[in-house]
2 protein chains.
Amino acid sequence: MTPSLNPLQQAQQAAIAAARAARAQYRAGKVAPTAGVAPGMTQANMIALPRDWAYDFLLYAQRNPKACPVLDVSDAGSPRTVLAPDADLRTDIPLYRVWRDGKLAEEVADATALWEEHGDLVTFLIGCSFTFETPLQEAGIEIRHIADGSNVPMYRSNKACRPAGRFQGEMVVSMRPIPAHRVADAATISGRYPSVHGAPVHVGDPAALGIADIGRPDFGDAVRIEPGEIPVFWACGVTPQAAVMASGVPFAVTHAPGHMFITDVADSTYHV
Amino acid sequence: MTPSLNPLQQAQQAAIAAARAARAQYRAGKVAPTAGVAPGMTQANMIALPRDWAYDFLLYAQRNPKACPVLDVSDAGSPRTVLAPDADLRTDIPLYRVWRDGKLAEEVADATALWEEHGDLVTFLIGCSFTFETPLQEAGIEIRHIADGSNVPMYRSNKACRPAGRFQGEMVVSMRPIPAHRVADAATISGRYPSVHGAPVHVGDPAALGIADIGRPDFGDAVRIEPGEIPVFWACGVTPQAAVMASGVPFAVTHAPGHMFITDVADSTYHV
């Protein structure tokens, strides 16, 4: 902390330092979900695809902006992003998933070998609903999975995304239980962040989204739903992984759900 | 008007009918700026590029979202858009510009022959600041170019866009004179529409944007600035045309500035 910084600047510097420290830990091999880490700093979903698949995916994202809001796209072959200039996209995510022919092949903590296998990977960083969790908490709304130290529950829904080229698939949603009298606040606050999924896509009945058992998420962990709480669903940045599966994409690297890329960009940047 | 429609539904049907009627006039050969036409219906900028250039442009748009907010992308070769299912992108814009090797080659009222010349054109429809002009007017803010029946003034600025592949160029801005005590309202109201350029990029001094003479716009018409009014600048969807020039793109078709594509989508769709 330089003494000449004012308190706000000190807080901003500390937040960026926390983001850098977290990335350094992941780079050194730590594997853990990132919910609640480096509060106030934007976390991002990641998918890297060979250059030949990049246009179809970017178009898929454009056509499904609630699920796939693109925050940055790397140049082909580059592990760099403007969202965190000193980061390395091959090592700074806690856990990666490797996809071959649309199937999950393995999970790795270091993806360097995969960038060597494919020299022209284009990396997409996609907004994450974690960004509006800090303002929700500041408004006094408990985020259950943070309170319980678990990963956010995510579900494959029955809502089809609009196809693009060789990409198709359904929307994946994240769920947070919200007290009935705070649902409107949660919708309003998250709606101010359209580039990180924005307002909920569904409130209430999981069956209407094709979710048979709210207690058994497809990704992440189940969370308690207390009496008086309503399950609220947001479009989720794991949607590209569902598309990789549904489309039989030959090769992709993604983050593991809940294990995000932590950027140097403040959440407030995405507030409108 | 079907009697069973309520007044709101009747108004929505009338607005869509106005959009369709306007497109039919342009298809029949009418050439005129579209400011103030079919109020409440979203108007869009257009650029069509050969498929080989589509990825670079989509990436350019993603990297410069204030200037190039993409509302829809056609499939290669298709003159159709989900924003107006019965429209034909080759004929339903009042005036097109044809670009060859980065230079304006001609203006035409019908672009059918150009789609025949290049069978794989990908058409991008990009948000237009006209979308927030209706709510600005509803808030009692006069839009000078509509009041005077002219085209909005647009300027090439000195702000460089972030390059992408073979695309580079500067941001083009549109200008509206706003009374000093309404500038905050204009910023707040337009800011609620991030996918159609959103809040202003600059308020006041044109020289700071590299604009030497506010009375001589690069596109559109000059407008009166009355005493007590401040020039307010928004990112403009003519930015792709500046990129076509700066990047020496071999072939492109665009709308002529101010001569937009009128969709069947209500402006309110883009409100957050």
# chains A, B, ... in the order shown; residues from 1 in each chain; ligands from 1

call {"tool": "residues_around", "arguments": {"residues": "Gln12 (chain A)", "least_positions_apart": "2", "cutoff": "12 Å", "atoms": "only C-alpha atoms", "output": "MDAnalysis selection string"}}
result
chainID A and resid 1 5:10 14:19 38:41 264:268

call {"tool": "residues_around", "arguments": {"residues": "region 46-60 of chain B", "least_positions_apart": "4", "cutoff": "8 Å", "atoms": "only C-alpha atoms", "output": "PDB file with C-alpha atoms, in the first residue's frame"}}
result
ATOM      1  CA  ALA A  54     -13.895 -19.912 -33.553  1.00  0.00           C
ATOM      2  CA  TYR A  55     -16.337 -18.196 -35.908  1.00  0.00           C
ATOM      3  CA  LEU A  58     -18.486 -16.504 -31.607  1.00  0.00           C
ATOM      4  CA  LEU A  59     -21.695 -16.505 -33.642  1.00  0.00           C
ATOM      5  CA  VAL A  73     -11.451 -13.231 -27.175  1.00  0.00           C
TER       6      VAL A  73
ATOM      7  CA  ASN B  64     -15.690  -2.558 -29.654  1.00  0.00           C
ATOM      8  CA  ALA B  76     -23.676 -16.846 -45.137  1.00  0.00           C
ATOM      9  CA  HIS B 118     -20.767 -12.551 -53.863  1.00  0.00           C
ATOM     10  CA  ASP B 120     -21.494 -15.965 -49.409  1.00  0.00           C
ATOM     11  CA  LEU B 121     -22.186 -12.541 -47.889  1.00  0.00           C
ATOM     12  CA  VAL B 122     -22.649 -12.520 -44.118  1.00  0.00           C
ATOM     13  CA  THR B 123     -24.842  -9.627 -43.002  1.00  0.00           C
ATOM     14  CA  PHE B 124     -24.352  -7.953 -39.637  1.00  0.00           C
ATOM     15  CA  LEU B 125     -27.119  -5.812 -38.161  1.00  0.00           C
ATOM     16  CA  ILE B 126     -25.811  -3.407 -35.550  1.00  0.00           C
ATOM     17  CA  ARG B 162      -9.314  -2.095 -30.627  1.00  0.00           C
ATOM     18  CA  PRO B 163      -8.113  -3.942 -33.770  1.00  0.00           C
ATOM     19  CA  ALA B 164      -9.179  -7.497 -34.637  1.00  0.00           C
ATOM     20  CA  GLY B 165      -7.526  -9.543 -37.350  1.00  0.00           C
ATOM     21  CA  ARG B 166      -7.483  -7.429 -40.514  1.00  0.00           C
ATOM     22  CA  PHE B 167      -9.852  -4.784 -39.070  1.00  0.00           C
ATOM     23  CA  GLN B 168      -8.804  -1.501 -37.552  1.00  0.00           C
ATOM     24  CA  PRO B 240     -17.762  -0.295 -39.393  1.00  0.00           C
ATOM     25  CA  GLN B 241     -17.669   1.910 -42.501  1.00  0.00           C
ATOM     26  CA  PHE B 251     -15.561  -5.770 -50.723  1.00  0.00           C
ATOM     27  CA  ALA B 252     -18.398  -4.685 -48.448  1.00  0.00           C
ATOM     28  CA  VAL B 253     -21.965  -3.508 -48.686  1.00  0.00           C
ATOM     29  CA  THR B 254     -23.327  -1.196 -45.994  1.00  0.00           C
ATOM     30  CA  HIS B 255     -26.324   1.021 -45.440  1.00  0.00           C
ATOM     31  CA  MET B 260     -31.193   2.323 -41.667  1.00  0.00           C
ATOM     32  CA  PHE B 261     -32.772  -1.108 -41.709  1.00  0.00           C
TER      33      PHE B 261
END

call {"tool": "residues_around", "arguments": {"residues": "region 198-207 of chain A", "least_positions_apart": "3", "cutoff": "8 Å", "atoms": "only C-alpha atoms", "output": "list in words"}}
result
Lys66, Ser129, Ala187, Thr188, Ile189, Ser190, Gly191, Arg192, Tyr193, Pro194, Ser195, Gly210, Ile211, Ala212, Asp213, Ile214, Ile230, Pro231, Val232, Phe233, Trp234 and Ala235 of chain A

call {"tool": "residues_around", "arguments": {"residues": "Ala147 (chain A)", "least_positions_apart": "6", "cutoff": "12 Å", "atoms": "only C-alpha atoms", "output": "compact mmCIF listing (two decimals) with C-alpha atoms, in the first residue's frame"}}
result
# COMPACT_ATOMS: atom_id res chain seq x y z
CA ALA A 35 -16.82 -18.69 -5.53
CA GLY A 36 -16.16 -15.90 -3.04
CA GLU A 133 -23.20 -11.90 -6.31
CA GLN A 137 -24.77 -9.67 -0.89
CA ILE A 141 -29.34 -11.15 -0.01
CA ARG A 176 -29.82 -19.45 -6.16
CA PRO A 177 -32.59 -19.78 -3.53
CA VAL A 223 -27.75 -26.26 -1.89
CA ARG A 224 -30.39 -25.97 0.84

call {"tool": "closest_residue", "arguments": {"among": "A:Pro227, A:Asp72, A:Leu95, A:Met175", "to": "chain B", "atoms": "only C-alpha atoms"}}
result
A:Asp72

call {"tool": "closest_residue", "arguments": {"among": "A:Pro79, A:Pro153, A:Gly228, A:Pro217", "to": "Ala180 (chain A)", "atoms": "only C-alpha atoms"}}
result
A:Gly228

call {"tool": "closest_residue", "arguments": {"among": "B:Ala222, B:Val70, B:Ala105, B:Val98", "to": "chain A", "atoms": "only C-alpha atoms"}}
result
B:Val70

call {"tool": "atom_distance", "arguments": {"atom1": "CA of Ala111 (chain B)", "atom2": "CA of Cys161 (chain B)"}}
result
28.3 Å

call {"tool": "residues_around", "arguments": {"residues": "Gly127 (chain A)", "least_positions_apart": "3", "cutoff": "6 Å", "atoms": "only C-alpha atoms", "output": "count of residues only"}}
result
3

call {"tool": "select_by_dssp", "arguments": {"residues": "region 29-214 of chain A", "states": "strand (DSSP E or B)", "output": "ChimeraX atom specification"}}
result
/A:41-50,70-73,96-100,103-108,121-127,154-160,164,167,170-179,202-203

call {"tool": "select_by_dssp", "arguments": {"residues": "region 38-231 of chain A", "states": "helix (DSSP H, G or I)", "output": "ChimeraX atom specification"}}
result
/A:51-63,112-117,129-138,144-147,180-191,194-196,206-209

call {"tool": "residues_around", "arguments": {"residues": "Thr91 (chain B)", "least_positions_apart": "6", "cutoff": "7 Å", "atoms": "only C-alpha atoms", "output": "VMD selection string"}}
result
chain B and resid 27 110 to 112

call {"tool": "residues_around", "arguments": {"residues": "Asp88 (chain A)", "least_positions_apart": "4", "cutoff": "12 Å", "atoms": "only C-alpha atoms", "output": "PyMOL selection string"}}
result
chain A and resi 20+23-24+26-27+74+78-84+92-94+110-112+115+123+261-263
